[in-house]
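Everything below concerns the one structure shown next.
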Amino acid sequence: MPYVTEAELDRRLAWITGAPSEAPIDVLCHRPGFSERSFPDSISVSVAGGIDGERWLEHPWMKLADGSPDPRIQVSILSKRLVDIVWTDRENTIHPGDTIIADINLSEENFPAGTRISVGSAVLEVSDLFNNACAKWKVRYGPESYKWVNRPEYRHLRLRGALCKVVKDGIIRADDVLRRV
């Protein structure tokens, strides 16, 4: 499988970061279990439960000291421009699994930690956690893209996406626009 190179990603960096500050959702993804994906027209989110029916409540990758799921990882947003570059084999490689894919600039400049995002009737808050991609990213989209999204000099760009917690329950629809509150 041909993976994108760091050189190609470097050449496309200005295009990726040139995305707008607000944008409609391109893809809405639901993950009921490991490596399971569905692409519904809408999802229900809540402060207490994250995304209704997702694995976050049962199998979060990050937990609080008391063992409960860390709310800062309830929803993930990823740049469509980056997905369009790194996801080179869509027939044989699973979707990244991020809740929202949108043509949006997720840099700390546009969305500092604590920024609230209105989407549908819900409100999300950008987490202070850095999304450094998991080992699955390296396998699915290549070691060079994994290394690239984690470069220290690019950290502020949030190239692997932004993690968010739900601060207002609501419904998110596949054509809703993400806007700063």
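All residue names refer to the structure tokens as shown: chains lettered A, B, ... in order, residues numbered from 1 in each chain, ligands numbered from 1 in order.
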
Query raised in the report: Which polymer residues have any atom within 8 Å of an atom of His30 in chain A, counting only C-alpha atoms, with same-chain residues fewer than 6 positions away left out, as JSON, numbers by chain?
Result: {"A": [37, 38, 39, 40, 43, 51, 54, 97, 99]}

Take the residues from that selection and write them out as a PDB file, in the first residue's frame, keeping C-alpha atoms.
```pdb
ATOM      1  CA  ARG A  37     -17.661   2.391  11.988  1.00  0.00           C
ATOM      2  CA  SER A  38     -21.008   3.686  10.853  1.00  0.00           C
ATOM      3  CA  PHE A  39     -21.771   6.976   9.161  1.00  0.00           C
ATOM      4  CA  PRO A  40     -25.137   8.159  10.475  1.00  0.00           C
ATOM      5  CA  ILE A  43     -25.658  11.508  16.572  1.00  0.00           C
ATOM      6  CA  ILE A  51     -21.697  10.071  22.005  1.00  0.00           C
ATOM      7  CA  GLU A  54     -20.183   4.724  21.358  1.00  0.00           C
ATOM      8  CA  GLY A  97     -12.750   6.937  13.307  1.00  0.00           C
ATOM      9  CA  THR A  99     -16.346  11.694  15.056  1.00  0.00           C
TER      10      THR A  99
END
```

Report task. Would you mind listing what lies within 12 Å of range 80-86 of chain A as a ChimeraX atom specification, with only C-alpha atoms counted and same-chain residues fewer than 5 positions away left out? Result -> /A:1-6,8-20,23-28,93-106,137-146,148-149,157-161

Query - Minimum-distance residue to Asp41 in chain A, chosen among A:Arg173, A:His59, A:His156, A:Lys168 (using only C-alpha atoms) - result: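 Closest to Asp41 in chain A of all the choices is A:Arg173.
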
Query raised in the report: Counting only C-alpha atoms, what is within 10 Å of Val119 in chain A, bar same-chain residues fewer than 4 positions away, as a list in words?
Result: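 Neighbouring residues, sequence-local ones excluded: Ala23, Pro24, Ile25, Val123, Leu124, Gly170, Ile171, Ile172, Arg173, Ala174, Asp175, Asp176, Val177, Leu178, Arg179, Arg180 and Val181 of chain A.
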
Report task. Compile the contact shell of Asp169 in chain A as a list in words: residues with an atom at most 7 Å away, counting only C-alpha atoms, same-chain residues fewer than 4 positions apart removed. Result -> Val45, Ser46, Val47 and Ala122 of chain A

Dump N, CA and C atoms for the selected residues as a tab-separated table (two decimals), in the first residue's frame?
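Result file is result-v5.tsv:
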```
chain	number	residue	atom	x	y	z
A	45	VAL	N	-25.35	13.58	21.56
A	45	VAL	CA	-24.22	13.70	22.49
A	45	VAL	C	-24.71	14.27	23.81
A	46	SER	N	-24.02	13.87	24.89
A	46	SER	CA	-24.36	14.41	26.20
A	46	SER	C	-23.11	14.56	27.05
A	47	VAL	N	-23.20	15.47	27.99
A	47	VAL	CA	-22.10	15.71	28.92
A	47	VAL	C	-21.76	14.41	29.65
A	122	ALA	N	-25.72	20.99	19.93
A	122	ALA	CA	-24.72	20.68	20.96
A	122	ALA	C	-23.64	21.76	21.01
```

Requested in this report: To one decimal in Å, tell me the separation between CA of Val126 in chain A and CA of Lys147 in chain A.
Outcome: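 About the pair CA of Val126 in chain A and CA of Lys147 in chain A: they are 23.1 Å apart.
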
Please give the complete set of residues from chain A that DSSP, run on the backbone, assigns to helix (DSSP H, G or I), formatted as a PDB file with N, CA, C and O atoms, in the first residue's frame.
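Result written to states16.pdb:
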```pdb
ATOM      1  N   GLU A   6       6.546  12.215   4.191  1.00  0.00           N
ATOM      2  CA  GLU A   6       6.672  13.476   4.928  1.00  0.00           C
ATOM      3  C   GLU A   6       6.909  14.633   3.967  1.00  0.00           C
ATOM      4  O   GLU A   6       6.383  15.733   4.173  1.00  0.00           O
ATOM      5  N   ALA A   7       7.676  14.387   2.917  1.00  0.00           N
ATOM      6  CA  ALA A   7       7.949  15.448   1.941  1.00  0.00           C
ATOM      7  C   ALA A   7       6.656  15.921   1.286  1.00  0.00           C
ATOM      8  O   ALA A   7       6.433  17.130   1.120  1.00  0.00           O
ATOM      9  N   GLU A   8       5.780  14.977   0.923  1.00  0.00           N
ATOM     10  CA  GLU A   8       4.500  15.361   0.325  1.00  0.00           C
ATOM     11  C   GLU A   8       3.647  16.128   1.330  1.00  0.00           C
ATOM     12  O   GLU A   8       3.010  17.128   0.988  1.00  0.00           O
ATOM     13  N   LEU A   9       3.638  15.684   2.575  1.00  0.00           N
ATOM     14  CA  LEU A   9       2.874  16.388   3.610  1.00  0.00           C
ATOM     15  C   LEU A   9       3.434  17.793   3.828  1.00  0.00           C
ATOM     16  O   LEU A   9       2.672  18.748   3.970  1.00  0.00           O
ATOM     17  N   ASP A  10       4.749  17.919   3.822  1.00  0.00           N
ATOM     18  CA  ASP A  10       5.356  19.251   3.961  1.00  0.00           C
ATOM     19  C   ASP A  10       4.935  20.164   2.814  1.00  0.00           C
ATOM     20  O   ASP A  10       4.631  21.337   3.031  1.00  0.00           O
ATOM     21  N   ARG A  11       4.909  19.614   1.598  1.00  0.00           N
ATOM     22  CA  ARG A  11       4.496  20.414   0.440  1.00  0.00           C
ATOM     23  C   ARG A  11       3.043  20.868   0.560  1.00  0.00           C
ATOM     24  O   ARG A  11       2.664  21.912   0.036  1.00  0.00           O
ATOM     25  N   ARG A  12       2.218  20.110   1.251  1.00  0.00           N
ATOM     26  CA  ARG A  12       0.789  20.406   1.345  1.00  0.00           C
ATOM     27  C   ARG A  12       0.406  21.111   2.650  1.00  0.00           C
ATOM     28  O   ARG A  12      -0.772  21.379   2.885  1.00  0.00           O
ATOM     29  N   LEU A  13       1.381  21.399   3.507  1.00  0.00           N
ATOM     30  CA  LEU A  13       1.092  21.986   4.820  1.00  0.00           C
ATOM     31  C   LEU A  13       0.315  23.295   4.723  1.00  0.00           C
ATOM     32  O   LEU A  13      -0.682  23.485   5.430  1.00  0.00           O
ATOM     33  N   ALA A  14       0.727  24.196   3.864  1.00  0.00           N
ATOM     34  CA  ALA A  14       0.028  25.479   3.745  1.00  0.00           C
ATOM     35  C   ALA A  14      -1.420  25.283   3.312  1.00  0.00           C
ATOM     36  O   ALA A  14      -2.316  25.979   3.793  1.00  0.00           O
ATOM     37  N   TRP A  15      -1.654  24.316   2.442  1.00  0.00           N
ATOM     38  CA  TRP A  15      -3.023  24.026   2.005  1.00  0.00           C
ATOM     39  C   TRP A  15      -3.849  23.469   3.165  1.00  0.00           C
ATOM     40  O   TRP A  15      -4.989  23.878   3.382  1.00  0.00           O
ATOM     41  N   ILE A  16      -3.266  22.556   3.935  1.00  0.00           N
ATOM     42  CA  ILE A  16      -3.976  21.965   5.074  1.00  0.00           C
ATOM     43  C   ILE A  16      -4.333  23.048   6.091  1.00  0.00           C
ATOM     44  O   ILE A  16      -5.472  23.153   6.535  1.00  0.00           O
ATOM     45  N   THR A  17      -3.363  23.871   6.445  1.00  0.00           N
ATOM     46  CA  THR A  17      -3.592  24.900   7.468  1.00  0.00           C
ATOM     47  C   THR A  17      -4.356  26.100   6.933  1.00  0.00           C
ATOM     48  O   THR A  17      -4.801  26.942   7.704  1.00  0.00           O
ATOM     49  N   ARG A  55     -18.292   3.515  22.173  1.00  0.00           N
ATOM     50  CA  ARG A  55     -17.518   2.726  23.124  1.00  0.00           C
ATOM     51  C   ARG A  55     -16.846   3.547  24.221  1.00  0.00           C
ATOM     52  O   ARG A  55     -16.302   2.995  25.151  1.00  0.00           O
ATOM     53  N   TRP A  56     -16.900   4.876  24.134  1.00  0.00           N
ATOM     54  CA  TRP A  56     -16.199   5.740  25.084  1.00  0.00           C
ATOM     55  C   TRP A  56     -16.534   5.404  26.535  1.00  0.00           C
ATOM     56  O   TRP A  56     -15.650   5.340  27.380  1.00  0.00           O
ATOM     57  N   LEU A  57     -17.803   5.179  26.842  1.00  0.00           N
ATOM     58  CA  LEU A  57     -18.199   4.878  28.226  1.00  0.00           C
ATOM     59  C   LEU A  57     -17.614   3.561  28.722  1.00  0.00           C
ATOM     60  O   LEU A  57     -17.242   3.446  29.882  1.00  0.00           O
ATOM     61  N   PRO A  71     -13.609  12.860  30.076  1.00  0.00           N
ATOM     62  CA  PRO A  71     -14.509  13.545  29.151  1.00  0.00           C
ATOM     63  C   PRO A  71     -13.791  14.354  28.075  1.00  0.00           C
ATOM     64  O   PRO A  71     -14.394  14.689  27.058  1.00  0.00           O
ATOM     65  N   ARG A  72     -12.516  14.633  28.250  1.00  0.00           N
ATOM     66  CA  ARG A  72     -11.796  15.443  27.263  1.00  0.00           C
ATOM     67  C   ARG A  72     -11.586  14.721  25.939  1.00  0.00           C
ATOM     68  O   ARG A  72     -11.131  15.329  24.966  1.00  0.00           O
ATOM     69  N   ILE A  73     -11.949  13.431  25.882  1.00  0.00           N
ATOM     70  CA  ILE A  73     -11.763  12.667  24.641  1.00  0.00           C
ATOM     71  C   ILE A  73     -13.090  12.166  24.070  1.00  0.00           C
ATOM     72  O   ILE A  73     -13.118  11.243  23.263  1.00  0.00           O
ATOM     73  N   LYS A  80     -10.460  17.507   7.072  1.00  0.00           N
ATOM     74  CA  LYS A  80     -10.742  16.787   5.823  1.00  0.00           C
ATOM     75  C   LYS A  80      -9.539  16.849   4.891  1.00  0.00           C
ATOM     76  O   LYS A  80      -9.234  15.882   4.195  1.00  0.00           O
ATOM     77  N   ARG A  81      -8.855  17.965   4.889  1.00  0.00           N
ATOM     78  CA  ARG A  81      -7.706  18.111   3.989  1.00  0.00           C
ATOM     79  C   ARG A  81      -6.611  17.098   4.327  1.00  0.00           C
ATOM     80  O   ARG A  81      -6.011  16.515   3.425  1.00  0.00           O
ATOM     81  N   LEU A  82      -6.366  16.886   5.617  1.00  0.00           N
ATOM     82  CA  LEU A  82      -5.363  15.894   6.000  1.00  0.00           C
ATOM     83  C   LEU A  82      -5.844  14.488   5.640  1.00  0.00           C
ATOM     84  O   LEU A  82      -5.083  13.689   5.082  1.00  0.00           O
ATOM     85  N   VAL A  83      -7.096  14.194   5.931  1.00  0.00           N
ATOM     86  CA  VAL A  83      -7.657  12.881   5.588  1.00  0.00           C
ATOM     87  C   VAL A  83      -7.523  12.622   4.095  1.00  0.00           C
ATOM     88  O   VAL A  83      -7.128  11.526   3.680  1.00  0.00           O
ATOM     89  N   ASP A  84      -7.820  13.618   3.284  1.00  0.00           N
ATOM     90  CA  ASP A  84      -7.746  13.450   1.837  1.00  0.00           C
ATOM     91  C   ASP A  84      -6.331  13.120   1.365  1.00  0.00           C
ATOM     92  O   ASP A  84      -6.154  12.469   0.338  1.00  0.00           O
ATOM     93  N   ILE A  85      -5.333  13.540   2.116  1.00  0.00           N
ATOM     94  CA  ILE A  85      -3.946  13.255   1.736  1.00  0.00           C
ATOM     95  C   ILE A  85      -3.479  11.898   2.257  1.00  0.00           C
ATOM     96  O   ILE A  85      -2.873  11.125   1.530  1.00  0.00           O
ATOM     97  N   VAL A  86      -3.739  11.605   3.527  1.00  0.00           N
ATOM     98  CA  VAL A  86      -3.148  10.398   4.132  1.00  0.00           C
ATOM     99  C   VAL A  86      -3.940   9.120   3.890  1.00  0.00           C
ATOM    100  O   VAL A  86      -3.365   8.030   3.894  1.00  0.00           O
ATOM    101  N   ALA A 135      -1.017   4.015  17.654  1.00  0.00           N
ATOM    102  CA  ALA A 135      -0.217   3.111  16.829  1.00  0.00           C
ATOM    103  C   ALA A 135      -0.993   2.664  15.588  1.00  0.00           C
ATOM    104  O   ALA A 135      -0.400   2.385  14.548  1.00  0.00           O
ATOM    105  N   LYS A 136      -2.327   2.634  15.694  1.00  0.00           N
ATOM    106  CA  LYS A 136      -3.148   2.232  14.543  1.00  0.00           C
ATOM    107  C   LYS A 136      -2.988   3.226  13.388  1.00  0.00           C
ATOM    108  O   LYS A 136      -3.053   2.841  12.226  1.00  0.00           O
ATOM    109  N   TRP A 137      -2.809   4.504  13.707  1.00  0.00           N
ATOM    110  CA  TRP A 137      -2.603   5.513  12.663  1.00  0.00           C
ATOM    111  C   TRP A 137      -1.369   5.151  11.839  1.00  0.00           C
ATOM    112  O   TRP A 137      -1.388   5.200  10.607  1.00  0.00           O
ATOM    113  N   LYS A 138      -0.294   4.784  12.529  1.00  0.00           N
ATOM    114  CA  LYS A 138       0.966   4.449  11.851  1.00  0.00           C
ATOM    115  C   LYS A 138       0.775   3.270  10.899  1.00  0.00           C
ATOM    116  O   LYS A 138       1.268   3.281   9.775  1.00  0.00           O
ATOM    117  N   VAL A 139       0.028   2.264  11.341  1.00  0.00           N
ATOM    118  CA  VAL A 139      -0.215   1.086  10.511  1.00  0.00           C
ATOM    119  C   VAL A 139      -1.120   1.429   9.329  1.00  0.00           C
ATOM    120  O   VAL A 139      -0.864   1.026   8.199  1.00  0.00           O
ATOM    121  N   ARG A 140      -2.179   2.176   9.607  1.00  0.00           N
ATOM    122  CA  ARG A 140      -3.173   2.457   8.565  1.00  0.00           C
ATOM    123  C   ARG A 140      -2.729   3.505   7.556  1.00  0.00           C
ATOM    124  O   ARG A 140      -3.021   3.403   6.371  1.00  0.00           O
ATOM    125  N   TYR A 141      -2.059   4.556   8.020  1.00  0.00           N
ATOM    126  CA  TYR A 141      -1.754   5.697   7.152  1.00  0.00           C
ATOM    127  C   TYR A 141      -0.264   5.932   6.959  1.00  0.00           C
ATOM    128  O   TYR A 141       0.120   6.886   6.293  1.00  0.00           O
ATOM    129  N   PRO A 143       4.021   5.226   8.562  1.00  0.00           N
ATOM    130  CA  PRO A 143       4.912   5.749   9.602  1.00  0.00           C
ATOM    131  C   PRO A 143       5.337   7.197   9.373  1.00  0.00           C
ATOM    132  O   PRO A 143       5.547   7.943  10.332  1.00  0.00           O
ATOM    133  N   GLU A 144       5.433   7.607   8.111  1.00  0.00           N
ATOM    134  CA  GLU A 144       5.849   8.985   7.862  1.00  0.00           C
ATOM    135  C   GLU A 144       4.750   9.973   8.235  1.00  0.00           C
ATOM    136  O   GLU A 144       5.031  11.043   8.776  1.00  0.00           O
ATOM    137  N   SER A 145       3.490   9.631   7.969  1.00  0.00           N
ATOM    138  CA  SER A 145       2.411  10.551   8.365  1.00  0.00           C
ATOM    139  C   SER A 145       2.279  10.592   9.890  1.00  0.00           C
ATOM    140  O   SER A 145       2.000  11.645  10.461  1.00  0.00           O
ATOM    141  N   TYR A 146       2.520   9.466  10.540  1.00  0.00           N
ATOM    142  CA  TYR A 146       2.487   9.422  12.005  1.00  0.00           C
ATOM    143  C   TYR A 146       3.568  10.340  12.579  1.00  0.00           C
ATOM    144  O   TYR A 146       3.309  11.140  13.482  1.00  0.00           O
ATOM    145  N   LYS A 147       4.746  10.205  12.056  1.00  0.00           N
ATOM    146  CA  LYS A 147       5.868  11.047  12.510  1.00  0.00           C
ATOM    147  C   LYS A 147       5.569  12.524  12.238  1.00  0.00           C
ATOM    148  O   LYS A 147       5.807  13.390  13.078  1.00  0.00           O
ATOM    149  N   TRP A 148       5.016  12.799  11.076  1.00  0.00           N
ATOM    150  CA  TRP A 148       4.747  14.178  10.664  1.00  0.00           C
ATOM    151  C   TRP A 148       3.721  14.856  11.558  1.00  0.00           C
ATOM    152  O   TRP A 148       3.925  15.989  11.975  1.00  0.00           O
ATOM    153  N   VAL A 149       2.602  14.190  11.851  1.00  0.00           N
ATOM    154  CA  VAL A 149       1.566  14.831  12.682  1.00  0.00           C
ATOM    155  C   VAL A 149       2.052  15.043  14.122  1.00  0.00           C
ATOM    156  O   VAL A 149       1.462  15.825  14.856  1.00  0.00           O
ATOM    157  N   PRO A 152       7.284  18.131  16.829  1.00  0.00           N
ATOM    158  CA  PRO A 152       7.139  19.174  17.861  1.00  0.00           C
ATOM    159  C   PRO A 152       6.856  20.560  17.282  1.00  0.00           C
ATOM    160  O   PRO A 152       6.053  21.311  17.839  1.00  0.00           O
ATOM    161  N   GLU A 153       7.452  20.883  16.141  1.00  0.00           N
ATOM    162  CA  GLU A 153       7.252  22.208  15.560  1.00  0.00           C
ATOM    163  C   GLU A 153       5.854  22.380  14.957  1.00  0.00           C
ATOM    164  O   GLU A 153       5.440  23.498  14.654  1.00  0.00           O
ATOM    165  N   TYR A 154       5.121  21.287  14.790  1.00  0.00           N
ATOM    166  CA  TYR A 154       3.764  21.354  14.257  1.00  0.00           C
ATOM    167  C   TYR A 154       2.690  21.131  15.321  1.00  0.00           C
ATOM    168  O   TYR A 154       1.504  21.161  15.016  1.00  0.00           O
ATOM    169  N   ARG A 155       3.103  20.897  16.536  1.00  0.00           N
ATOM    170  CA  ARG A 155       2.160  20.554  17.606  1.00  0.00           C
ATOM    171  C   ARG A 155       1.014  21.570  17.698  1.00  0.00           C
ATOM    172  O   ARG A 155      -0.141  21.197  17.845  1.00  0.00           O
ATOM    173  N   HIS A 156       1.330  22.852  17.595  1.00  0.00           N
ATOM    174  CA  HIS A 156       0.320  23.909  17.723  1.00  0.00           C
ATOM    175  C   HIS A 156      -0.710  23.882  16.585  1.00  0.00           C
ATOM    176  O   HIS A 156      -1.778  24.478  16.686  1.00  0.00           O
ATOM    177  N   LEU A 157      -0.410  23.144  15.513  1.00  0.00           N
ATOM    178  CA  LEU A 157      -1.320  23.071  14.367  1.00  0.00           C
ATOM    179  C   LEU A 157      -2.402  22.000  14.543  1.00  0.00           C
ATOM    180  O   LEU A 157      -3.362  21.977  13.793  1.00  0.00           O
TER     181      LEU A 157
END
```

Query raised in the report: Mind checking DSSP for range 8-181 of chain A and telling me the strand (DSSP E) residues as a PyMOL selection string?
Result: chain A and resi 23-28+42-46+50-51+75-79+100-102+116-119+122-130+162-168+170-173+177-180

Selection from above, C-alpha atoms, as a PDB file, in the first residue's frame, can you write it?
```pdb
ATOM      1  CA  ALA A  23     -17.042  24.618   8.206  1.00  0.00           C
ATOM      2  CA  PRO A  24     -19.814  22.124   7.606  1.00  0.00           C
ATOM      3  CA  ILE A  25     -19.299  18.532   8.619  1.00  0.00           C
ATOM      4  CA  ASP A  26     -18.079  16.417   5.720  1.00  0.00           C
ATOM      5  CA  VAL A  27     -18.362  13.048   7.476  1.00  0.00           C
ATOM      6  CA  LEU A  28     -19.982  12.102  10.779  1.00  0.00           C
ATOM      7  CA  SER A  42     -27.025  12.366  13.140  1.00  0.00           C
ATOM      8  CA  ILE A  43     -25.658  11.508  16.572  1.00  0.00           C
ATOM      9  CA  SER A  44     -26.840  12.395  20.046  1.00  0.00           C
ATOM     10  CA  VAL A  45     -24.225  13.699  22.487  1.00  0.00           C
ATOM     11  CA  SER A  46     -24.364  14.406  26.203  1.00  0.00           C
ATOM     12  CA  GLY A  50     -20.402  11.408  25.312  1.00  0.00           C
ATOM     13  CA  ILE A  51     -21.697  10.071  22.005  1.00  0.00           C
ATOM     14  CA  VAL A  75     -15.462  13.807  20.474  1.00  0.00           C
ATOM     15  CA  SER A  76     -12.651  14.104  17.960  1.00  0.00           C
ATOM     16  CA  ILE A  77     -12.535  16.453  14.992  1.00  0.00           C
ATOM     17  CA  LEU A  78     -10.133  15.914  12.095  1.00  0.00           C
ATOM     18  CA  SER A  79      -9.243  18.040   9.078  1.00  0.00           C
ATOM     19  CA  ILE A 100     -16.267  14.711  12.770  1.00  0.00           C
ATOM     20  CA  ILE A 101     -14.318  15.248   9.568  1.00  0.00           C
ATOM     21  CA  ALA A 102     -14.580  18.829   8.311  1.00  0.00           C
ATOM     22  CA  ARG A 116     -16.407  26.299  22.632  1.00  0.00           C
ATOM     23  CA  ILE A 117     -17.737  25.030  19.327  1.00  0.00           C
ATOM     24  CA  SER A 118     -21.404  25.084  18.442  1.00  0.00           C
ATOM     25  CA  VAL A 119     -22.430  22.220  16.183  1.00  0.00           C
ATOM     26  CA  ALA A 122     -24.725  20.684  20.956  1.00  0.00           C
ATOM     27  CA  VAL A 123     -21.750  22.610  22.270  1.00  0.00           C
ATOM     28  CA  LEU A 124     -18.260  21.101  22.455  1.00  0.00           C
ATOM     29  CA  GLU A 125     -15.181  22.418  24.229  1.00  0.00           C
ATOM     30  CA  VAL A 126     -11.695  21.989  22.761  1.00  0.00           C
ATOM     31  CA  SER A 127      -9.556  19.909  25.098  1.00  0.00           C
ATOM     32  CA  ASP A 128      -6.103  20.723  26.396  1.00  0.00           C
ATOM     33  CA  LEU A 129      -4.989  17.231  25.346  1.00  0.00           C
ATOM     34  CA  PHE A 130      -2.766  16.822  22.308  1.00  0.00           C
ATOM     35  CA  ALA A 162      -8.678  18.239  18.109  1.00  0.00           C
ATOM     36  CA  LEU A 163     -10.147  16.355  21.029  1.00  0.00           C
ATOM     37  CA  CYS A 164     -13.260  17.798  22.659  1.00  0.00           C
ATOM     38  CA  LYS A 165     -15.641  17.261  25.516  1.00  0.00           C
ATOM     39  CA  VAL A 166     -19.379  17.818  25.371  1.00  0.00           C
ATOM     40  CA  VAL A 167     -20.504  20.839  27.425  1.00  0.00           C
ATOM     41  CA  LYS A 168     -24.097  21.022  26.173  1.00  0.00           C
ATOM     42  CA  GLY A 170     -27.615  17.979  21.753  1.00  0.00           C
ATOM     43  CA  ILE A 171     -27.959  16.445  18.330  1.00  0.00           C
ATOM     44  CA  ILE A 172     -25.232  16.770  15.704  1.00  0.00           C
ATOM     45  CA  ARG A 173     -26.298  16.249  12.097  1.00  0.00           C
ATOM     46  CA  VAL A 177     -21.614  23.702  10.615  1.00  0.00           C
ATOM     47  CA  LEU A 178     -18.908  23.920  13.272  1.00  0.00           C
ATOM     48  CA  ARG A 179     -18.713  27.478  14.665  1.00  0.00           C
ATOM     49  CA  ARG A 180     -16.862  29.070  17.545  1.00  0.00           C
TER      50      ARG A 180
END
```

Report summary line: Residue with the minimum atom-to-atom distance to Ala133 in chain A, picked from A:Gly120, A:Trp61, A:Gly49, A:Cys29 with only C-alpha atoms counted, is A:Trp61

Report task. Find the residue from A:Ser121, A:Asn92, A:Asn132, A:Ser21 that sits nearest to Ser107 in chain A; use only C-alpha atoms when measuring. Result ->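 For Ser107 in chain A, the nearest of the given residues is A:Ser21.
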
Query - Pairwise distance for CA of Cys134 in chain A and CA of Met62 in chain A, rounded to one decimal in Å - result: 12.1 Å

Query raised in the report: To one decimal place, how far is CA of Ala65 in chain A from CA of Asn150 in chain A in Å?
Result: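 Distance reported for this atom pair: 26.1 Å.
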